[in-house]
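File shown: my_file.cif (mmCIF, C-alpha atoms).
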```cif
data_final
loop_
_atom_site.label_atom_id
_atom_site.label_comp_id
_atom_site.auth_asym_id
_atom_site.auth_seq_id
_atom_site.Cartn_x
_atom_site.Cartn_y
_atom_site.Cartn_z
CA MET A 771 23.10 -30.82 -36.40
CA THR A 772 19.97 -30.59 -34.38
CA THR A 773 17.44 -27.89 -34.92
CA PRO A 774 16.91 -25.75 -31.84
CA ARG A 775 13.72 -26.59 -30.05
CA ARG A 776 11.13 -23.93 -29.97
CA ARG A 777 10.78 -22.45 -26.53
CA PRO A 778 7.30 -22.98 -25.13
CA PRO A 779 5.38 -19.75 -24.57
CA ALA A 780 6.15 -18.29 -21.20
CA LYS A 781 3.41 -18.86 -18.69
CA SER A 782 2.03 -15.55 -17.62
CA ALA A 783 2.20 -14.98 -13.89
CA PRO A 784 -1.16 -15.24 -12.15
CA ARG A 785 -2.69 -11.82 -11.85
CA THR A 786 -4.15 -10.87 -8.51
CA TYR A 787 -6.16 -7.79 -7.58
CA ALA A 788 -7.22 -6.26 -4.30
CA SER A 789 -10.45 -4.74 -5.62
CA VAL A 790 -12.92 -5.07 -8.48
CA GLU A 791 -11.97 -1.59 -9.72
CA ALA A 792 -8.32 -2.65 -9.94
CA LEU A 793 -9.37 -5.90 -11.63
CA MET A 794 -11.41 -4.09 -14.29
CA LYS A 795 -8.59 -1.67 -15.04
CA GLY A 796 -5.87 -4.33 -14.93
CA GLU A 797 -7.80 -6.67 -17.22
CA GLY A 798 -8.53 -3.85 -19.67
CA LEU A 799 -12.30 -4.15 -19.45
CA GLY A 800 -14.26 -1.63 -21.50
CA ASP A 801 -15.81 1.64 -20.39
CA LYS A 802 -19.32 0.18 -20.54
CA VAL A 803 -18.53 -2.39 -17.85
CA GLN A 804 -16.71 0.14 -15.69
CA GLN A 805 -19.49 2.74 -15.98
CA ALA A 806 -22.21 0.17 -15.27
CA TYR A 807 -20.23 -1.03 -12.25
CA ALA A 808 -19.82 2.54 -10.96
CA GLN A 809 -23.58 3.06 -11.36
CA HIS A 810 -24.27 -0.12 -9.37
CA VAL A 811 -21.99 1.14 -6.58
CA LEU A 812 -23.95 4.41 -6.49
CA ASP A 813 -27.31 2.61 -6.59
CA THR A 814 -26.42 0.33 -3.67
CA SER A 815 -24.41 2.58 -1.36
CA VAL A 816 -27.14 2.85 1.32
CA THR A 817 -28.09 -0.85 1.29
CA ASP A 818 -24.42 -1.74 1.54
CA GLY A 819 -24.05 0.67 4.46
CA LEU A 820 -27.00 -0.96 6.24
CA THR A 821 -25.54 -4.43 5.66
CA ARG A 822 -22.19 -3.27 7.06
CA LEU A 823 -23.91 -1.77 10.09
CA ARG A 824 -25.82 -5.00 10.75
CA ARG A 825 -22.68 -7.12 10.52
CA ARG A 826 -20.68 -4.77 12.75
CA SER A 827 -23.45 -4.97 15.33
CA LYS A 828 -23.34 -8.79 15.17
CA LEU A 829 -26.98 -8.91 14.09
CA THR A 830 -28.39 -11.52 11.76
CA GLN A 831 -30.79 -10.95 8.91
CA ALA A 832 -33.34 -12.84 11.04
CA ASP A 833 -32.97 -10.21 13.82
CA ILE A 834 -33.78 -7.42 11.37
CA ALA A 835 -36.59 -9.50 9.85
CA LYS A 836 -38.20 -9.87 13.28
CA ARG A 837 -38.17 -6.09 13.76
CA LEU A 838 -39.70 -5.51 10.34
CA GLY A 839 -42.18 -8.36 10.58
CA VAL A 840 -40.91 -9.97 7.40
CA THR A 841 -39.02 -13.15 6.54
CA GLN A 842 -35.23 -13.50 6.57
CA ALA A 843 -35.38 -14.04 2.79
CA ALA A 844 -37.01 -10.63 2.41
CA VAL A 845 -34.14 -9.01 4.35
CA SER A 846 -31.65 -10.87 2.17
CA LYS A 847 -33.41 -9.44 -0.88
CA ILE A 848 -33.28 -5.93 0.60
CA GLU A 849 -29.54 -6.22 1.26
CA SER A 850 -28.75 -7.42 -2.24
CA GLY A 851 -31.05 -4.88 -3.87
CA ARG A 852 -30.89 -1.22 -4.78
CA ASP A 853 -31.33 1.80 -2.53
CA GLU A 854 -34.56 2.84 -4.23
CA THR A 855 -36.33 -0.22 -2.75
CA LEU A 856 -35.60 0.97 0.80
CA THR A 857 -38.23 2.56 3.03
CA LEU A 858 -37.81 4.67 6.16
CA ALA A 859 -39.21 1.72 8.18
CA ILE A 860 -36.38 -0.48 6.92
CA ILE A 861 -33.69 2.10 7.70
CA SER A 862 -35.21 2.70 11.12
CA ALA A 863 -35.22 -1.07 11.85
CA TYR A 864 -31.48 -1.22 11.14
CA ALA A 865 -30.79 1.86 13.29
CA ARG A 866 -32.82 0.60 16.26
CA GLY A 867 -31.55 -2.96 15.91
CA SER A 868 -27.92 -1.89 15.86
CA ARG A 869 -28.47 0.88 18.47
CA GLN A 870 -26.67 3.25 16.11
CA ARG A 871 -27.63 6.58 14.60
CA ILE A 872 -28.22 6.80 10.85
CA ASN A 873 -28.18 10.22 9.24
CA LEU A 874 -29.56 10.56 5.76
CA SER A 875 -29.21 13.60 3.57
CA PHE A 876 -30.56 14.16 0.09
CA GLY A 877 -29.71 16.62 -2.61
CA LYS A 878 -26.70 18.84 -3.05
CA PRO A 879 -23.86 18.02 -0.68
CA LEU A 880 -22.56 20.76 1.63
CA THR A 881 -19.49 22.70 0.58
CA HIS A 882 -16.57 22.70 3.03
CA VAL A 883 -17.39 26.24 4.15
CA GLU A 884 -21.08 25.40 4.65
CA ALA A 885 -20.13 22.26 6.59
CA VAL A 886 -17.77 24.20 8.89
CA LYS A 887 -20.49 26.82 9.53
CA GLN A 888 -23.07 24.12 10.21
CA HIS A 889 -20.75 22.41 12.70
CA ALA A 890 -19.96 25.73 14.35
CA PHE A 891 -23.68 26.46 14.88
CA GLY A 892 -24.17 22.94 16.22
CA LEU A 893 -21.23 23.39 18.56
CA ARG A 894 -22.67 26.64 19.88
CA HIS A 895 -26.09 25.06 20.41
CA HIS A 896 -24.66 22.16 22.44
CA LEU A 897 -22.26 24.34 24.45
CA GLU A 898 -25.13 26.66 25.39
CA ALA A 899 -27.18 23.64 26.49
CA LEU A 900 -24.26 22.48 28.64
CA ALA A 901 -23.82 25.99 30.08
CA SER A 902 -27.45 26.08 31.18
CA LEU A 903 -27.08 22.61 32.72
CA ALA A 904 -24.15 23.94 34.77
CA HIS A 905 -26.52 26.13 36.80
CA LYS A 906 -28.23 23.10 38.31
CA ASP A 907 -25.46 21.71 40.46
CA GLU A 908 -22.01 22.82 41.62
CA ALA A 909 -20.37 19.46 40.85
CA ILE A 910 -21.86 19.45 37.35
CA ALA A 911 -20.75 23.06 36.87
CA LYS A 912 -17.17 22.07 37.75
CA ASP A 913 -17.20 19.19 35.27
CA ILE A 914 -18.70 21.32 32.53
CA ALA A 915 -16.18 24.12 33.12
CA GLY A 916 -13.39 21.53 32.80
CA PHE A 917 -14.96 20.22 29.62
CA PHE A 918 -15.24 23.77 28.19
CA HIS A 919 -11.54 24.30 28.87
CA GLU A 920 -10.61 21.00 27.19
CA ALA A 921 -12.93 21.65 24.21
CA SER A 922 -11.53 25.14 23.76
CA LEU A 923 -7.95 23.82 23.69
CA ASN A 924 -8.88 21.10 21.20
CA ILE A 925 -10.66 23.54 18.87
CA ASP A 926 -7.69 25.95 19.04
CA GLN A 927 -5.34 23.09 18.22
CA ILE A 928 -7.45 21.97 15.24
CA VAL A 929 -7.57 25.49 13.80
CA ALA A 930 -3.82 26.03 14.40
CA HIS A 931 -3.00 22.69 12.75
CA CYS A 932 -5.08 23.54 9.67
CA ARG A 933 -3.70 27.07 9.51
CA GLU A 934 -0.17 25.62 9.27
CA ARG A 935 -1.22 23.92 6.05
CA LEU A 936 -1.98 27.23 4.40
CA PRO A 937 0.57 28.65 1.94
CA LYS A 938 3.19 30.79 3.65
CA ASN A 939 2.63 34.57 3.77
CA PRO A 940 -0.62 34.76 1.84
CA LYS A 941 -1.89 38.26 1.18
CA VAL A 942 -4.97 38.20 3.30
CA GLU A 943 -7.15 41.22 3.60
CA VAL A 944 -8.68 41.08 7.03
CA ARG A 945 -12.00 42.83 7.03
CA MET A 946 -13.43 43.80 10.35
CA GLN A 947 -17.16 43.83 10.20
CA THR A 948 -19.24 45.48 12.83
CA HIS A 949 -22.90 44.93 12.99
CA VAL A 950 -25.01 47.48 14.77
CA GLU A 951 -28.54 46.63 15.72
CA PRO A 952 -30.90 49.27 14.32
CA GLY A 953 -32.27 51.55 16.97
CA LEU A 954 -29.36 51.06 19.36
CA PRO A 955 -27.36 54.13 20.40
CA VAL A 956 -23.86 54.10 18.90
CA SER A 957 -21.20 55.35 21.27
CA SER A 958 -18.37 57.29 19.71
CA MET B 221 -7.91 -9.28 3.18
CA TRP B 222 -9.32 -11.38 0.35
CA GLN B 223 -8.02 -10.80 -3.15
CA TYR B 224 -8.99 -11.90 -6.64
CA LEU B 225 -6.94 -14.16 -8.87
CA ILE B 226 -7.62 -14.25 -12.59
CA THR B 227 -7.33 -17.76 -14.02
CA PRO B 228 -6.42 -18.47 -17.67
CA GLN B 229 -9.90 -20.00 -18.11
CA PHE B 230 -11.50 -16.61 -17.43
CA GLU B 231 -9.77 -14.89 -20.36
CA ARG B 232 -12.10 -16.05 -23.14
CA SER B 233 -15.38 -15.58 -21.31
CA LYS B 234 -14.19 -12.19 -20.04
CA LYS B 235 -13.62 -10.92 -23.58
CA ARG B 236 -17.01 -12.22 -24.74
CA TYR B 237 -18.90 -10.61 -21.86
CA ASP B 238 -16.96 -7.36 -22.06
CA LYS B 239 -18.08 -7.01 -25.66
CA LYS B 240 -21.58 -8.52 -25.68
CA ARG B 241 -22.90 -8.33 -22.10
CA PRO B 242 -21.20 -5.47 -20.22
CA ALA B 243 -24.23 -4.83 -17.95
CA GLU B 244 -24.34 -8.46 -16.83
CA LEU B 245 -20.58 -8.52 -16.21
CA ALA B 246 -20.81 -5.32 -14.15
CA ALA B 247 -23.68 -6.75 -12.07
CA VAL B 248 -21.85 -9.98 -11.22
CA PHE B 249 -18.72 -7.97 -10.39
CA ARG B 250 -20.74 -5.80 -8.01
CA ASN B 251 -21.98 -8.92 -6.24
CA LEU B 252 -18.43 -10.30 -6.25
CA ASP B 253 -17.29 -7.17 -4.44
CA ARG B 254 -20.11 -7.51 -1.89
CA LEU B 255 -19.07 -11.12 -1.32
CA ARG B 256 -15.45 -10.11 -0.78
CA GLU B 257 -16.49 -7.55 1.80
CA GLN B 258 -18.47 -10.22 3.62
CA LEU B 259 -15.52 -12.65 3.49
CA ASN B 260 -13.21 -10.05 5.05
CA GLY B 261 -15.42 -10.06 8.14
CA LEU B 262 -15.85 -13.83 8.44
CA PRO B 263 -13.62 -16.27 10.33
CA ARG B 264 -14.33 -19.04 7.77
CA CYS B 265 -15.25 -18.52 4.14
CA ARG B 266 -17.77 -21.38 4.23
CA ALA B 267 -20.01 -19.24 6.40
CA ALA B 268 -20.58 -16.81 3.51
CA GLN B 269 -24.22 -16.42 2.57
CA ALA B 270 -25.99 -14.10 0.17
CA GLY B 271 -29.02 -14.14 -2.07
CA PHE B 272 -26.82 -14.02 -5.16
CA LEU B 273 -24.45 -16.79 -4.00
CA HIS B 274 -24.98 -20.42 -5.03
CA HIS B 275 -22.95 -23.26 -3.56
CA GLU B 276 -21.85 -25.70 -6.24
CA PRO B 277 -20.03 -29.06 -5.91
CA ALA B 278 -16.35 -29.25 -4.84
CA GLY B 279 -16.53 -25.98 -2.92
CA LEU B 280 -17.21 -23.92 -6.03
CA TRP B 281 -19.35 -20.81 -5.82
CA ALA B 282 -21.55 -19.30 -8.51
CA ILE B 283 -22.39 -15.61 -8.22
CA ASP B 284 -25.45 -14.46 -10.14
CA GLN B 285 -26.41 -11.04 -11.52
CA LYS B 286 -29.43 -10.42 -9.28
CA GLY B 287 -29.70 -7.24 -7.28
CA PRO B 288 -27.95 -4.10 -8.37
CA SER B 289 -29.25 -3.60 -11.90
CA ARG B 290 -32.16 -1.33 -12.83
CA THR B 291 -33.00 -3.36 -15.93
CA LYS B 292 -33.79 -7.01 -16.43
CA LEU B 293 -30.55 -8.79 -17.19
CA GLN B 294 -29.81 -12.14 -18.74
CA GLU B 295 -29.23 -14.90 -16.15
CA THR B 296 -25.48 -14.84 -15.63
CA ARG B 297 -23.18 -16.74 -13.31
CA LEU B 298 -19.61 -16.04 -12.38
CA TYR B 299 -17.83 -19.14 -11.10
CA VAL B 300 -15.28 -18.58 -8.36
CA PHE B 301 -13.32 -20.81 -6.04
CA PRO B 302 -12.33 -19.58 -2.57
CA VAL B 303 -8.96 -20.62 -1.16
CA GLU B 304 -8.98 -19.94 2.55
CA GLU B 305 -5.21 -20.45 3.11
CA ASN B 306 -4.13 -17.41 1.11
CA GLN B 307 -7.50 -15.64 1.12
CA THR B 308 -7.84 -15.73 -2.64
CA LEU B 309 -10.94 -15.93 -4.79
CA HIS B 310 -10.03 -17.68 -8.04
CA ILE B 311 -12.17 -16.24 -10.82
CA ILE B 312 -12.72 -19.10 -13.21
CA THR B 313 -15.39 -18.36 -15.78
CA VAL B 314 -18.60 -16.49 -16.50
CA GLY B 315 -21.56 -17.71 -18.51
CA ASN B 316 -25.35 -17.87 -18.89
CA LYS B 317 -27.97 -20.55 -18.37
CA ASN B 318 -27.24 -22.17 -21.75
CA SER B 319 -23.57 -22.63 -20.99
CA GLN B 320 -24.15 -23.58 -17.34
CA ALA B 321 -23.21 -27.27 -17.69
CA ALA B 322 -20.06 -26.53 -19.70
CA ASP B 323 -19.07 -23.68 -17.33
CA LEU B 324 -19.47 -25.91 -14.32
CA ARG B 325 -17.43 -28.65 -15.99
CA CYS B 326 -14.67 -26.14 -16.81
CA ALA B 327 -14.70 -24.79 -13.26
CA LEU B 328 -14.55 -28.26 -11.73
CA GLU B 329 -11.61 -29.17 -13.96
CA TYR B 330 -9.81 -26.07 -12.77
CA VAL B 331 -10.42 -26.90 -9.12
CA ARG B 332 -9.14 -30.45 -9.67
CA SER B 333 -6.01 -29.05 -11.32
CA LEU B 334 -5.13 -27.13 -8.18
CA GLU B 335 -2.64 -28.53 -5.71
CA PRO B 336 -4.29 -31.09 -3.39
CA PRO B 337 -3.88 -29.01 -0.22
CA LEU B 338 -5.95 -26.25 -1.81
CA GLN B 339 -8.87 -28.54 -2.52
CA PRO B 340 -11.65 -28.53 0.04
#
```

Represent the supplied structure as structure tokens.
Amino acid sequence: MTTPRRRPPAKSAPRTYASVEALMKGEGLGDKVQQAYAQHVLDTSVTDGLTRLRRRSKLTQADIAKRLGVTQAAVSKIESGRDETLTLAIISAYARGSRQRINLSFGKPLTHVEAVKQHAFGLRHHLEALASLAHKDEAIAKDIAGFFHEASLNIDQIVAHCRERLPKNPKVEVRMQTHVEPGLPVSS
Amino acid sequence: MWQYLITPQFERSKKRYDKKRPAELAAVFRNLDRLREQLNGLPRCRAAQAGFLHHEPAGLWAIDQKGPSRTKLQETRLYVFPVEENQTLHIITVGNKNSQAADLRCALEYVRSLEPPLQP
């Protein structure tokens, strides 16, 4: 009688991951590694954004270096460094080089309501600028009127689409607010 | 899109670094992620260049810890091998300057153990 041969340990299937976050979780790495990694991501979000912008614009590090008056190695160091090493001159060189706009904001992020209000004010400002442009030329006025019509439809559609996502039949108290300028006669 | 493949060789060094050098491991992982993003936009992986990337023999790459950390970290290198055909970065081992020779030897052995078409 032959003794049964011991089965060799099963080879574990190769583990693949699509991201470092998935790798760290999948491999059971500790909180310290994951927290330090998350901090690095936060510390390098702007430099990474600049690098992405440069690559998308098909610019080389040497192109940016020329604008900044530094060596290519210095740009390489900037791109692999932290955000706190950046200066406005560096950010401006990337924006001008890539012919793109870079908006930076610091501090507390806007709430959704604040953001909607800010966009609404911006929209009004630009529409008023367009309306004043329309007085210059009849052809321009026609184009701008067409654009106003299109913009109005699009805004209505956006609001209607979002309103559909609200819960059905919410008890909404609609408050009508009238604002009367002091000193103006109020007609009854 | 490039993906990561964990090799059996990585297991031991991963445990050691997770326990003893979490900051260094996080820093090399951050650079690994930056490298992957660059690879996704390149037609050929050999064109990859970065301050933290070192080209080693047999197509091996060593990724160091420089860049994202606020504090001075121990010199650390993560050895990876890119396979263009299936867009996979094989993560082989991680070590410091003292273990550099042994890490490189281990990584080269792994590359040689791969199927011939995958070798550079």

Spatial neighbours of Ser868 in chain A, max dist 9 Å, all atoms listed in the file, sep filter under 6 positions, as a PDB file with C-alpha atoms, in the coordinates of the input:
```pdb
ATOM      1  CA  LEU A 823     -23.910  -1.770  10.090  1.00  0.00           C
ATOM      2  CA  ARG A 824     -25.820  -5.000  10.750  1.00  0.00           C
ATOM      3  CA  ARG A 826     -20.680  -4.770  12.750  1.00  0.00           C
ATOM      4  CA  SER A 827     -23.450  -4.970  15.330  1.00  0.00           C
ATOM      5  CA  LYS A 828     -23.340  -8.790  15.170  1.00  0.00           C
ATOM      6  CA  LEU A 829     -26.980  -8.910  14.090  1.00  0.00           C
TER       7      LEU A 829
END
```

Compute the chain B side of the contact with chain A at 10 Å, counting only C-alpha atoms, and hand it back as a PyMOL selection string. chain B and resi 221-228+231+234-235+237-239+241-254+256-258+261-262+269-272+286-290+308-311

How about saving the chosen residues, C-alpha atoms kept, as a PDB file, keeping the file's coordinate frame?
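Output file result.pdb is given in full below:
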```
ATOM      1  CA  MET B 221      -7.910  -9.280   3.180  1.00  0.00           C
ATOM      2  CA  TRP B 222      -9.320 -11.380   0.350  1.00  0.00           C
ATOM      3  CA  GLN B 223      -8.020 -10.800  -3.150  1.00  0.00           C
ATOM      4  CA  TYR B 224      -8.990 -11.900  -6.640  1.00  0.00           C
ATOM      5  CA  LEU B 225      -6.940 -14.160  -8.870  1.00  0.00           C
ATOM      6  CA  ILE B 226      -7.620 -14.250 -12.590  1.00  0.00           C
ATOM      7  CA  THR B 227      -7.330 -17.760 -14.020  1.00  0.00           C
ATOM      8  CA  PRO B 228      -6.420 -18.470 -17.670  1.00  0.00           C
ATOM      9  CA  GLU B 231      -9.770 -14.890 -20.360  1.00  0.00           C
ATOM     10  CA  LYS B 234     -14.190 -12.190 -20.040  1.00  0.00           C
ATOM     11  CA  LYS B 235     -13.620 -10.920 -23.580  1.00  0.00           C
ATOM     12  CA  TYR B 237     -18.900 -10.610 -21.860  1.00  0.00           C
ATOM     13  CA  ASP B 238     -16.960  -7.360 -22.060  1.00  0.00           C
ATOM     14  CA  LYS B 239     -18.080  -7.010 -25.660  1.00  0.00           C
ATOM     15  CA  ARG B 241     -22.900  -8.330 -22.100  1.00  0.00           C
ATOM     16  CA  PRO B 242     -21.200  -5.470 -20.220  1.00  0.00           C
ATOM     17  CA  ALA B 243     -24.230  -4.830 -17.950  1.00  0.00           C
ATOM     18  CA  GLU B 244     -24.340  -8.460 -16.830  1.00  0.00           C
ATOM     19  CA  LEU B 245     -20.580  -8.520 -16.210  1.00  0.00           C
ATOM     20  CA  ALA B 246     -20.810  -5.320 -14.150  1.00  0.00           C
ATOM     21  CA  ALA B 247     -23.680  -6.750 -12.070  1.00  0.00           C
ATOM     22  CA  VAL B 248     -21.850  -9.980 -11.220  1.00  0.00           C
ATOM     23  CA  PHE B 249     -18.720  -7.970 -10.390  1.00  0.00           C
ATOM     24  CA  ARG B 250     -20.740  -5.800  -8.010  1.00  0.00           C
ATOM     25  CA  ASN B 251     -21.980  -8.920  -6.240  1.00  0.00           C
ATOM     26  CA  LEU B 252     -18.430 -10.300  -6.250  1.00  0.00           C
ATOM     27  CA  ASP B 253     -17.290  -7.170  -4.440  1.00  0.00           C
ATOM     28  CA  ARG B 254     -20.110  -7.510  -1.890  1.00  0.00           C
ATOM     29  CA  ARG B 256     -15.450 -10.110  -0.780  1.00  0.00           C
ATOM     30  CA  GLU B 257     -16.490  -7.550   1.800  1.00  0.00           C
ATOM     31  CA  GLN B 258     -18.470 -10.220   3.620  1.00  0.00           C
ATOM     32  CA  GLY B 261     -15.420 -10.060   8.140  1.00  0.00           C
ATOM     33  CA  LEU B 262     -15.850 -13.830   8.440  1.00  0.00           C
ATOM     34  CA  GLN B 269     -24.220 -16.420   2.570  1.00  0.00           C
ATOM     35  CA  ALA B 270     -25.990 -14.100   0.170  1.00  0.00           C
ATOM     36  CA  GLY B 271     -29.020 -14.140  -2.070  1.00  0.00           C
ATOM     37  CA  PHE B 272     -26.820 -14.020  -5.160  1.00  0.00           C
ATOM     38  CA  LYS B 286     -29.430 -10.420  -9.280  1.00  0.00           C
ATOM     39  CA  GLY B 287     -29.700  -7.240  -7.280  1.00  0.00           C
ATOM     40  CA  PRO B 288     -27.950  -4.100  -8.370  1.00  0.00           C
ATOM     41  CA  SER B 289     -29.250  -3.600 -11.900  1.00  0.00           C
ATOM     42  CA  ARG B 290     -32.160  -1.330 -12.830  1.00  0.00           C
ATOM     43  CA  THR B 308      -7.840 -15.730  -2.640  1.00  0.00           C
ATOM     44  CA  LEU B 309     -10.940 -15.930  -4.790  1.00  0.00           C
ATOM     45  CA  HIS B 310     -10.030 -17.680  -8.040  1.00  0.00           C
ATOM     46  CA  ILE B 311     -12.170 -16.240 -10.820  1.00  0.00           C
TER      47      ILE B 311
END
```

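Going from CA of Ala865 in chain A to CA of Phe891 in chain A covers 25.7 Å.
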
Record the distance separating CA of Leu856 in chain A and CA of Leu874 in chain A, expressed in Å with one decimal. 12.4 Å

Residue among A:Val840, A:Ile872, A:Ala859, A:Ala835 lying closest to Val816 in chain A, counting all atoms listed in the file: A:Ile872

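A straight line drawn from CA of Ala322 in chain B to CA of Phe301 in chain B is 16.3 Å long.
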
Find the residues near Thr296 in chain B: any atom within 6 Å, counting all atoms listed in the file, skip ones fewer than 2 places away on the same chain, and give them as a list in words. Asp284, Gln285, Gln294, Gly315 and Asn316 of chain B

Neighbours of Trp281 in chain B within 7 Å (all atoms listed in the file; same-chain residues fewer than 3 positions away dropped), as an MDAnalysis selection string? chainID B and resid 273:276 299:301

How would the residues just chosen look if you wrote them out with C-alpha atoms as a PDB file, in the coordinates of the input?
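Final output, again-v4.pdb:
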```
ATOM      1  CA  LEU B 273     -24.450 -16.790  -4.000  1.00  0.00           C
ATOM      2  CA  HIS B 274     -24.980 -20.420  -5.030  1.00  0.00           C
ATOM      3  CA  HIS B 275     -22.950 -23.260  -3.560  1.00  0.00           C
ATOM      4  CA  GLU B 276     -21.850 -25.700  -6.240  1.00  0.00           C
ATOM      5  CA  TYR B 299     -17.830 -19.140 -11.100  1.00  0.00           C
ATOM      6  CA  VAL B 300     -15.280 -18.580  -8.360  1.00  0.00           C
ATOM      7  CA  PHE B 301     -13.320 -20.810  -6.040  1.00  0.00           C
TER       8      PHE B 301
END
```
